[in-house]
Amino acid sequence: MGRRGELRLLDELLAGAGRREGAVALVSGSSGCGKSALLGAFAARAAEAGALVLSAGGSAAEAGFPLGVVERLLTGTGTGTQVSPVPGAVHADVWAADGGPQVLYEALCGVRRSGRPVVVVVDDVHHVDAESGRALLYVCGRLTGTDVLVVLAGQPPEPSSLPLAELWGQARGVRVPLQPLTEDEVVEFLRGPAGGGMDPGTAVRLAPHWHGFTGGNPRLLRGLLDDLRDCGPLRSVRPVAGTAFRAAVAGCLRGAGTAVAATAEALAVLGEDATLTRLARLLAVPERTASRRMEHLDAIGLLEGGRLRHRGVPAAVLEQLGGADSGRLHARAAQVLYDDGAEPSRIAVHLVGAVDADADAPGAGGPGGGFPQWAATALVDAAGCVLRAGAAHQAVRFLRVAHRARGGGPLAGGMLAAVAGAEWESDPALVTRHLPSLEREVHGRSGSGRSDGLRDDPPGGVPPDAEHRAGAAGLLLWHGRREPLALDTGEWGRGAGARQVRDASGFVWPVAGGPVVEPDADAVEAVLDALVQGYVPAPAVPELLVALVYAGETRRAAQWCTLTGDVEGMRGTPARRAVALAVAAVVHARTGFFDRGAECARQALESVSPAAWGVAVGMPLSAGVCAATALGAHEEAERLLRIPAPQAMFDSRVGVHYLAARGRHRLRVGRTRAALADFRACRDLTARWGPQVGEVADWRGPAAQALRVLGEMTDPAAEGGGAFGGSPLGMLTRSERRVAVLAAGGCTNRAIAARLHVTPSTVEQHLTNVYRKVRVKSRAALAELVGGRVPTGVGGGS
């Protein structure tokens with residue numbers, strides 16, 4: 001296909017041989033371009049024309065056996081002339097040391113006397129052994145006035161490969177170069193019998209893609225065709241690089257020789273990092289040599305723009321590599337890129353590839369064995385880079401190989417915090433297996449957990465510093481482990497990590513009588529902006545949790561809605577995206593955009609499993625239940641409420657949001673007493689924290705509605721079936737009691753006035769009466785009185 005001109009030229013040379021105009025034809029072309037097919041077709045035509053055809057071919061496997069090609073040609077002459085291809089055993093009578101090449105020439109002369117033209121066809125001449133090459137060179141120099149046509153096919157050998165280079169470079173040879181098929185010729189190929197006889201429309205539709213996929217190489221085209229046939233009736237426009245195509249690539253590389261194949265392997269390993277300089281350094285050859293080999297690959301059709309043409313090609317190339325060879329190539333590529341100042345993430349890919357490919361790769365011989373000194377640092381830097389780009393799984397892999405480069409052993413210190421943090425970004429549930437070790441880190445002990453409390457860091461481990469301990473504490477807080485709260489985090493210093501842990505723990509788990517912790521709205525908004533946009537490193541886990549909870553308190557609804565408007569398309573790790581979706585669900589549900597809130601809550605819970613959320617699961621659940629209740633989707637609300645929530649959540653502000661949302665849903669579906677139990681749980685929990693916390697969820701209004709339905713007291717703060725009976729609060733009027741409870745809850749006089757629709761002076765007058773009647777002198781004392789009389793159990797039964 002596409003070789004009519006070349007066949008016509010060879011026919012003309014054959015006709016000239018019939019006129020005793022002997023000649024040499026040199027058929028050149030890349031591996032897989034159809035040289036053998038052309039020679040086979042011409043040999044058949046020559047035989048039909050009455051010529052005597054003698055055929056032989058070189059082979060890389062037989063290049064070390066002298067006279068192998070000569071032996072096959074002499075056998076075809078039928079003259080009885082024989083030589084031995086075994087070194088040191090050449091027949092002395094027919095292959096004398098001084099005149100051996102004459103044997104082949106004289107044999108051909110003897111055949112010529114039959115009156116028939118003689119055609120000598122030698123394929124893969126670049127693999128012919130040196131002795132046979134000398135004999136062919138001798139014959140080609142004496143063809144004038146003979147009826148012998150010699151047709152040699154192959155690739156130009158290396159200039160130093162004498163006598164093959166001289167044989168290929170003889171000036172009187174007629175050049176017959178074979179080019180890759182054009183796009184029109186690919187159409188013809190697909191329409192012909194060899195291409196399966198496609199209809200013209202299908203052939204025209206497929207040809208551009210197939211030509212671009214193979215560069216017009218006939219062997220690669222046949223591989224694609226076989227893969228297409230294996231796909232059955234499916235006729236995809238895009239080519240399928242299946243088994244047959246990969247075998248075709250391997251065959252082309254075998255035909256091109258080991259040096260060209262090694263170049264393809266190096267390019268496959270380097271991938272997007274391949275440059276001529278790096279390739280030459282990886283192969284340890286001069287750049288001009290690497291360039292010449294790349295020209296061979298380009299002629300085959302495997303390159304495009306200096307890189308392997310598409311993913312199917314490197315896959316086929318690497319498939320032929322053994323584990324040890326692949327590991328060595330990756331290790332050398334890492335060193336080349338490191339020396340060249342490449343990005344850490346590019347270097348780390350090859351360090352990991354070396355470990356994955358071969359058990360004998362760096363590090364297999366023992367702690368840190370085989371790794372260069374710079375490997376661990378490069379891997380840790382690379383993990384930070386890819387984590388910022390959202391590739392959490394890759395970051396975890398980099399960190400684990402870095403740990404191996406540092407000596408291996410149990411994860412501890414900074415490496416434990418780094419690995420666990422990266423795993424949290426991928427799937428927070430993965431962190432649960434590290435929780436015992438993280439607890440030891442928080443308390444300043446290493447992974448060994450010695451009973452005497454002394455640190456016993458494993459070989460290559462990094463002692464846990466303040467920031468590492470803060471990171472470990474943040475992961476524990478996410479999963480509801482409140483042990484860090486019992487520590488004095490002040491000893492961790494004033495770093496950002498320690499500050500975030502303190503803020504998160506104090507805000508999520510308020511402590512009665514403890515300091516007031518209210519995150520700055522601007523700071524939290526900046527966290528969410530970074531979270532959604534993904535243009536800065538992921539915020540620390542505690543800060544994420546603060547932002548998540550604080551989203552339910554913010555009054556800057558417009559800014560929050562703007563930030564979370566396109567959260568579905570955000571970049572980032574699965575955990576980061578899930579948290580941003582949960583924040584968006586809370587914001588939209590609280591601002592009345594219930595459809596958006598329900599969708600964001602659904603996506604948040606689908607991004608990571610419910611078990612991975614830890615105590616934060618209450619935020620997407622409460623937002624989803626709130627939105628579903630408002631939309632009348634009660635079955636969806638029930639489904640969300642069936643998702644298990646950790647018990648630790650009910651001791652946090654997150655739990656108050658969840659209980660309030662569940663109570664509103666139960667109230668809406670007529671389960672009034674169960675709803676009231678949820679609202680009472682909200683009351684009890686907030687009363688336990690004290691006046692500095694104030695309201696964290698809107699439960700008082702629905703509680704009053706539940707009481708009205710049940711025909712009980714209409715003051716949700718003072719209700720409770722006689723909970724205040726016999727106490728000083730029982731002496732207060734209804735209005736005074738409401739003011740007292742709100743003041744004990746931390747509300748200012750202005751806030752109480754706005755809530756009760758009275759003037760601030762009226763509130764002040766009521767408070768004066770309250771102080772006098774209950775015999776207290778401050779809000780703190782009032783809060784203690786109210787808190788001491790309210791039951792402290794967290795309910796929520798149905």
# chains A, B, ... in the order shown; residues from 1 in each chain; ligands from 1
call {"tool": "residues_around", "arguments": {"residues": "A:Val121", "least_positions_apart": "5", "cutoff": "8 Å", "atoms": "only C-alpha atoms", "output": "compact mmCIF listing (two decimals) with C-alpha atoms, in the first residue's frame"}}
result
# COMPACT_ATOMS: atom_id res chain seq x y z
CA LEU A 39 10.93 -6.91 -0.82
CA ALA A 43 10.63 -10.96 -5.19
CA VAL A 53 15.56 -15.02 -6.78
CA LEU A 54 18.01 -15.66 -3.92
CA SER A 55 16.77 -14.37 -0.54
CA ALA A 56 18.37 -14.01 2.86
CA VAL A 150 21.23 -6.90 -5.65
CA VAL A 151 18.46 -5.44 -3.48
CA LEU A 152 19.50 -4.56 0.08
call {"tool": "residues_around", "arguments": {"residues": "stretch 424-427 of chain A", "least_positions_apart": "3", "cutoff": "7 Å", "atoms": "only C-alpha atoms", "output": "list in words"}}
result
Ala392, His393, Ala420, Gly421, Leu430, Val431, Thr573, Pro574, Ala575, Arg576, Val608 and Ala612 of chain A
call {"tool": "residues_around", "arguments": {"residues": "A:Val770", "least_positions_apart": "3", "cutoff": "8 Å", "atoms": "only C-alpha atoms", "output": "MDAnalysis selection string"}}
result
chainID A and resid 732 736:737 740 766:767 773:775
call {"tool": "write_last_selection", "arguments": {"atoms": "C-alpha atoms", "output": "tab-separated table (two decimals), in the first residue's frame"}}
result
chain	number	residue	atom	x	y	z
A	732	LEU	CA	-40.19	36.16	89.15
A	736	GLU	CA	-38.65	38.96	84.46
A	737	ARG	CA	-37.99	35.26	84.02
A	740	ALA	CA	-33.19	36.66	83.49
A	766	HIS	CA	-36.48	44.03	84.87
A	767	LEU	CA	-32.89	43.07	85.64
A	773	LYS	CA	-35.58	39.09	94.12
A	774	VAL	CA	-32.99	36.33	93.64
A	775	ARG	CA	-30.36	38.13	95.73
call {"tool": "atom_distance", "arguments": {"atom1": "atom CA of A:Gly618", "atom2": "atom CA of A:Val654"}}
result
5.6 Å
call {"tool": "select_by_dssp", "arguments": {"residues": "stretch 265-452 of chain A", "states": "helix (DSSP H, G or I)", "output": "mmCIF file with C-alpha atoms, in the first residue's frame"}}
result
data_model
loop_
_atom_site.group_PDB
_atom_site.id
_atom_site.type_symbol
_atom_site.label_atom_id
_atom_site.label_comp_id
_atom_site.auth_asym_id
_atom_site.auth_seq_id
_atom_site.Cartn_x
_atom_site.Cartn_y
_atom_site.Cartn_z
ATOM 1 C CA GLU A 265 12.825 3.611 27.219
ATOM 2 C CA ALA A 266 14.611 6.679 28.557
ATOM 3 C CA LEU A 267 12.051 8.983 26.908
ATOM 4 C CA ALA A 268 9.204 6.918 28.370
ATOM 5 C CA VAL A 269 10.663 7.217 31.861
ATOM 6 C CA LEU A 270 11.399 10.958 31.589
ATOM 7 C CA GLY A 271 7.951 11.702 30.185
ATOM 8 C CA GLU A 272 7.150 15.410 30.150
ATOM 9 C CA ASP A 273 10.563 16.169 31.662
ATOM 10 C CA LEU A 276 17.761 16.442 24.629
ATOM 11 C CA THR A 277 20.282 17.331 27.331
ATOM 12 C CA ARG A 278 18.545 15.276 30.016
ATOM 13 C CA LEU A 279 18.115 12.375 27.617
ATOM 14 C CA ALA A 280 21.799 12.368 26.733
ATOM 15 C CA ARG A 281 22.797 12.493 30.408
ATOM 16 C CA LEU A 282 20.424 9.678 31.271
ATOM 17 C CA LEU A 283 21.832 7.513 28.452
ATOM 18 C CA GLU A 287 23.923 14.883 22.662
ATOM 19 C CA ARG A 288 24.603 14.330 18.936
ATOM 20 C CA THR A 289 24.239 10.578 19.482
ATOM 21 C CA ALA A 290 20.996 11.037 21.394
ATOM 22 C CA SER A 291 19.741 13.347 18.655
ATOM 23 C CA ARG A 292 20.493 10.778 15.947
ATOM 24 C CA ARG A 293 18.628 8.089 17.871
ATOM 25 C CA MET A 294 15.650 10.384 18.319
ATOM 26 C CA GLU A 295 15.615 10.873 14.547
ATOM 27 C CA HIS A 296 15.250 7.105 14.195
ATOM 28 C CA LEU A 297 12.298 7.125 16.608
ATOM 29 C CA ASP A 298 10.751 10.037 14.781
ATOM 30 C CA ALA A 299 11.057 8.195 11.477
ATOM 31 C CA ILE A 300 9.351 5.163 12.978
ATOM 32 C CA GLY A 312 -0.027 4.231 24.330
ATOM 33 C CA VAL A 313 3.597 4.440 23.186
ATOM 34 C CA PRO A 314 5.301 4.844 26.593
ATOM 35 C CA ALA A 315 2.965 2.207 27.992
ATOM 36 C CA ALA A 316 4.124 -0.201 25.284
ATOM 37 C CA VAL A 317 7.778 0.717 25.812
ATOM 38 C CA LEU A 318 7.703 0.369 29.603
ATOM 39 C CA GLU A 319 5.824 -2.919 29.297
ATOM 40 C CA GLY A 323 11.522 -4.371 37.252
ATOM 41 C CA ALA A 324 15.240 -3.978 37.825
ATOM 42 C CA ASP A 325 15.808 -2.056 34.580
ATOM 43 C CA SER A 326 12.829 0.192 35.223
ATOM 44 C CA GLY A 327 13.975 0.882 38.779
ATOM 45 C CA ARG A 328 17.468 1.811 37.642
ATOM 46 C CA LEU A 329 16.143 4.117 34.936
ATOM 47 C CA HIS A 330 13.858 5.917 37.394
ATOM 48 C CA ALA A 331 16.665 6.278 39.924
ATOM 49 C CA ARG A 332 18.995 7.726 37.280
ATOM 50 C CA ALA A 333 16.241 10.017 36.009
ATOM 51 C CA ALA A 334 15.710 11.341 39.552
ATOM 52 C CA GLN A 335 19.411 12.135 39.830
ATOM 53 C CA VAL A 336 19.471 13.843 36.433
ATOM 54 C CA LEU A 337 16.467 16.018 37.315
ATOM 55 C CA TYR A 338 17.879 16.841 40.746
ATOM 56 C CA ASP A 339 21.180 17.916 39.212
ATOM 57 C CA PRO A 344 10.735 18.508 43.704
ATOM 58 C CA SER A 345 7.471 16.940 42.578
ATOM 59 C CA ARG A 346 9.029 15.916 39.248
ATOM 60 C CA ILE A 347 12.009 14.381 41.019
ATOM 61 C CA ALA A 348 9.825 12.602 43.564
ATOM 62 C CA VAL A 349 7.840 10.832 40.838
ATOM 63 C CA HIS A 350 10.996 9.018 39.778
ATOM 64 C CA LEU A 351 12.124 8.222 43.308
ATOM 65 C CA VAL A 352 8.755 6.600 43.936
ATOM 66 C CA GLY A 353 8.893 4.926 40.524
ATOM 67 C CA ALA A 354 12.252 3.403 41.405
ATOM 68 C CA VAL A 355 10.848 1.977 44.640
ATOM 69 C CA ASP A 356 7.649 0.709 43.007
ATOM 70 C CA ALA A 357 9.387 -0.885 40.022
ATOM 71 C CA ALA A 375 16.040 12.159 48.524
ATOM 72 C CA ALA A 376 14.068 12.548 51.778
ATOM 73 C CA THR A 377 14.088 16.346 51.650
ATOM 74 C CA ALA A 378 13.044 16.375 47.998
ATOM 75 C CA LEU A 379 10.186 13.969 48.703
ATOM 76 C CA VAL A 380 8.875 16.014 51.643
ATOM 77 C CA ASP A 381 9.043 19.226 49.585
ATOM 78 C CA ALA A 382 7.277 17.460 46.733
ATOM 79 C CA ALA A 383 4.522 16.255 49.045
ATOM 80 C CA GLY A 384 3.821 19.838 50.070
ATOM 81 C CA CYS A 385 3.689 20.945 46.435
ATOM 82 C CA VAL A 386 1.261 18.266 45.253
ATOM 83 C CA LEU A 387 -0.873 18.618 48.384
ATOM 84 C CA ARG A 388 -1.406 22.292 47.593
ATOM 85 C CA ALA A 392 -3.502 14.078 48.409
ATOM 86 C CA HIS A 393 -2.922 10.425 47.489
ATOM 87 C CA GLN A 394 0.316 11.311 45.735
ATOM 88 C CA ALA A 395 1.428 13.399 48.708
ATOM 89 C CA VAL A 396 0.916 10.445 51.047
ATOM 90 C CA ARG A 397 2.980 8.233 48.753
ATOM 91 C CA PHE A 398 5.796 10.786 48.620
ATOM 92 C CA LEU A 399 5.844 11.094 52.398
ATOM 93 C CA ARG A 400 5.927 7.368 52.964
ATOM 94 C CA VAL A 401 8.864 6.949 50.584
ATOM 95 C CA ALA A 402 10.545 9.891 52.345
ATOM 96 C CA HIS A 403 10.081 8.059 55.636
ATOM 97 C CA ARG A 404 11.669 4.998 54.036
ATOM 98 C CA ALA A 405 14.575 7.153 52.861
ATOM 99 C CA GLY A 413 7.315 12.963 65.121
ATOM 100 C CA GLY A 414 6.982 15.310 62.199
ATOM 101 C CA MET A 415 6.667 12.456 59.718
ATOM 102 C CA LEU A 416 3.648 11.021 61.542
ATOM 103 C CA ALA A 417 1.938 14.403 61.603
ATOM 104 C CA ALA A 418 2.759 14.975 57.920
ATOM 105 C CA VAL A 419 1.541 11.552 56.753
ATOM 106 C CA ALA A 420 -1.612 11.668 58.885
ATOM 107 C CA GLY A 421 -2.356 15.204 57.707
ATOM 108 C CA ALA A 422 -1.977 14.225 54.057
ATOM 109 C CA GLU A 423 -4.153 11.157 54.601
ATOM 110 C CA TRP A 424 -6.773 13.408 56.189
ATOM 111 C CA GLU A 425 -6.791 15.483 53.008
ATOM 112 C CA SER A 426 -7.449 12.327 51.000
ATOM 113 C CA PRO A 428 -10.235 11.736 57.007
ATOM 114 C CA ALA A 429 -11.273 8.200 57.960
ATOM 115 C CA LEU A 430 -7.704 7.012 57.271
ATOM 116 C CA VAL A 431 -6.474 9.022 60.247
ATOM 117 C CA THR A 432 -8.320 6.792 62.728
ATOM 118 C CA ARG A 433 -5.559 4.164 62.515
ATOM 119 C CA HIS A 434 -3.055 6.776 63.678
ATOM 120 C CA LEU A 435 -5.063 8.125 66.623
ATOM 121 C CA PRO A 436 -3.178 6.232 69.375
ATOM 122 C CA SER A 437 0.157 7.370 67.945
ATOM 123 C CA LEU A 438 -1.136 10.919 67.567
ATOM 124 C CA GLU A 439 -2.165 10.968 71.212
ATOM 125 C CA ARG A 440 1.368 10.015 72.198
ATOM 126 C CA GLU A 441 2.717 12.780 69.955
ATOM 127 C CA VAL A 442 0.458 15.347 71.607
#
call {"tool": "closest_residue", "arguments": {"among": "A:Ala674, A:Ala660, A:Cys252, A:Val240", "to": "A:Leu228", "atoms": "only C-alpha atoms"}}
result
A:Val240
call {"tool": "closest_residue", "arguments": {"among": "A:Ser132, A:Lys777, A:Ala473, A:Arg4", "to": "A:Phe65", "atoms": "only C-alpha atoms"}}
result
A:Ser132
call {"tool": "select_by_dssp", "arguments": {"residues": "stretch 225-441 of chain A", "states": "strand (DSSP E)", "output": "VMD selection string"}}
result
chain A and resid 303 to 304 307 to 308
call {"tool": "atom_distance", "arguments": {"atom1": "atom CA of A:Leu26", "atom2": "atom CA of A:Arg3"}}
result
14.9 Å
call {"tool": "atom_distance", "arguments": {"atom1": "atom CA of A:Leu137", "atom2": "atom CA of A:Gly251"}}
result
28.4 Å
call {"tool": "closest_residue", "arguments": {"among": "A:Arg238, A:Gly2, A:Arg172, A:Glu21", "to": "A:Asn217", "atoms": "only C-alpha atoms"}}
result
A:Gly2
call {"tool": "residues_around", "arguments": {"residues": "A:Gly50", "least_positions_apart": "2", "cutoff": "8 Å", "atoms": "only C-alpha atoms", "output": "PDB file with N, CA and C atoms, in the first residue's frame"}}
result
ATOM      1  N   ALA A  46       9.496 -10.602  -9.518  1.00  0.00           N
ATOM      2  CA  ALA A  46      10.697 -11.001 -10.254  1.00  0.00           C
ATOM      3  C   ALA A  46      10.645 -12.475 -10.628  1.00  0.00           C
ATOM      4  N   ALA A  47      10.171 -13.312  -9.695  1.00  0.00           N
ATOM      5  CA  ALA A  47      10.069 -14.736  -9.993  1.00  0.00           C
ATOM      6  C   ALA A  47       9.070 -14.984 -11.121  1.00  0.00           C
ATOM      7  N   GLU A  48       7.957 -14.249 -11.105  1.00  0.00           N
ATOM      8  CA  GLU A  48       6.970 -14.385 -12.172  1.00  0.00           C
ATOM      9  C   GLU A  48       7.561 -13.966 -13.516  1.00  0.00           C
ATOM     10  N   LEU A  52      15.839 -15.637 -11.337  1.00  0.00           N
ATOM     11  CA  LEU A  52      16.185 -16.512 -10.218  1.00  0.00           C
ATOM     12  C   LEU A  52      16.370 -15.627  -8.989  1.00  0.00           C
ATOM     13  N   ARG A 116      19.275 -16.595 -17.167  1.00  0.00           N
ATOM     14  CA  ARG A 116      18.203 -15.934 -16.415  1.00  0.00           C
ATOM     15  C   ARG A 116      18.806 -14.843 -15.544  1.00  0.00           C
ATOM     16  N   PRO A 117      18.098 -13.679 -15.424  1.00  0.00           N
ATOM     17  CA  PRO A 117      18.583 -12.658 -14.490  1.00  0.00           C
ATOM     18  C   PRO A 117      18.579 -13.212 -13.068  1.00  0.00           C
TER      19      PRO A 117
END
call {"tool": "residues_around", "arguments": {"residues": "A:Gly572", "least_positions_apart": "4", "cutoff": "7 Å", "atoms": "only C-alpha atoms", "output": "ChimeraX atom specification"}}
result
/A:389-390,534,576-577
call {"tool": "write_last_selection", "arguments": {"atoms": "N, CA and C atoms", "output": "CSV table (one decimal), in the first residue's frame"}}
result
chain,number,residue,atom,x,y,z
A,389,ALA,N,-1.8,21.4,45.4
A,389,ALA,CA,-2.5,21.2,44.1
A,389,ALA,C,-3.6,20.3,44.2
A,390,GLY,N,-3.9,19.7,45.4
A,390,GLY,CA,-5.0,18.8,45.6
A,390,GLY,C,-4.7,17.3,45.4
A,534,GLY,N,-8.6,27.7,46.5
A,534,GLY,CA,-7.5,26.8,46.4
A,534,GLY,C,-6.2,27.3,45.9
A,576,ARG,N,-10.9,18.8,51.7
A,576,ARG,CA,-11.0,20.3,51.6
A,576,ARG,C,-12.3,20.6,50.8
A,577,ARG,N,-12.6,19.9,49.8
A,577,ARG,CA,-13.8,20.2,49.0
A,577,ARG,C,-15.0,19.8,49.8
call {"tool": "closest_residue", "arguments": {"among": "A:Ala601, A:Val119, A:Ala675, A:Ala504", "to": "A:Ser652", "atoms": "only C-alpha atoms"}}
result
A:Ala504
call {"tool": "residues_around", "arguments": {"residues": "A:Val69", "least_positions_apart": "3", "cutoff": "12 Å", "atoms": "only C-alpha atoms", "output": "JSON, numbers by chain"}}
result
{"A": [54, 55, 56, 57, 58, 59, 62, 63, 64, 65, 66, 72, 73, 74, 75, 76, 82, 83, 84, 85, 104, 120, 121, 122, 123, 124, 125, 126, 127, 128, 129, 130, 131, 132, 133, 134, 135, 136]}
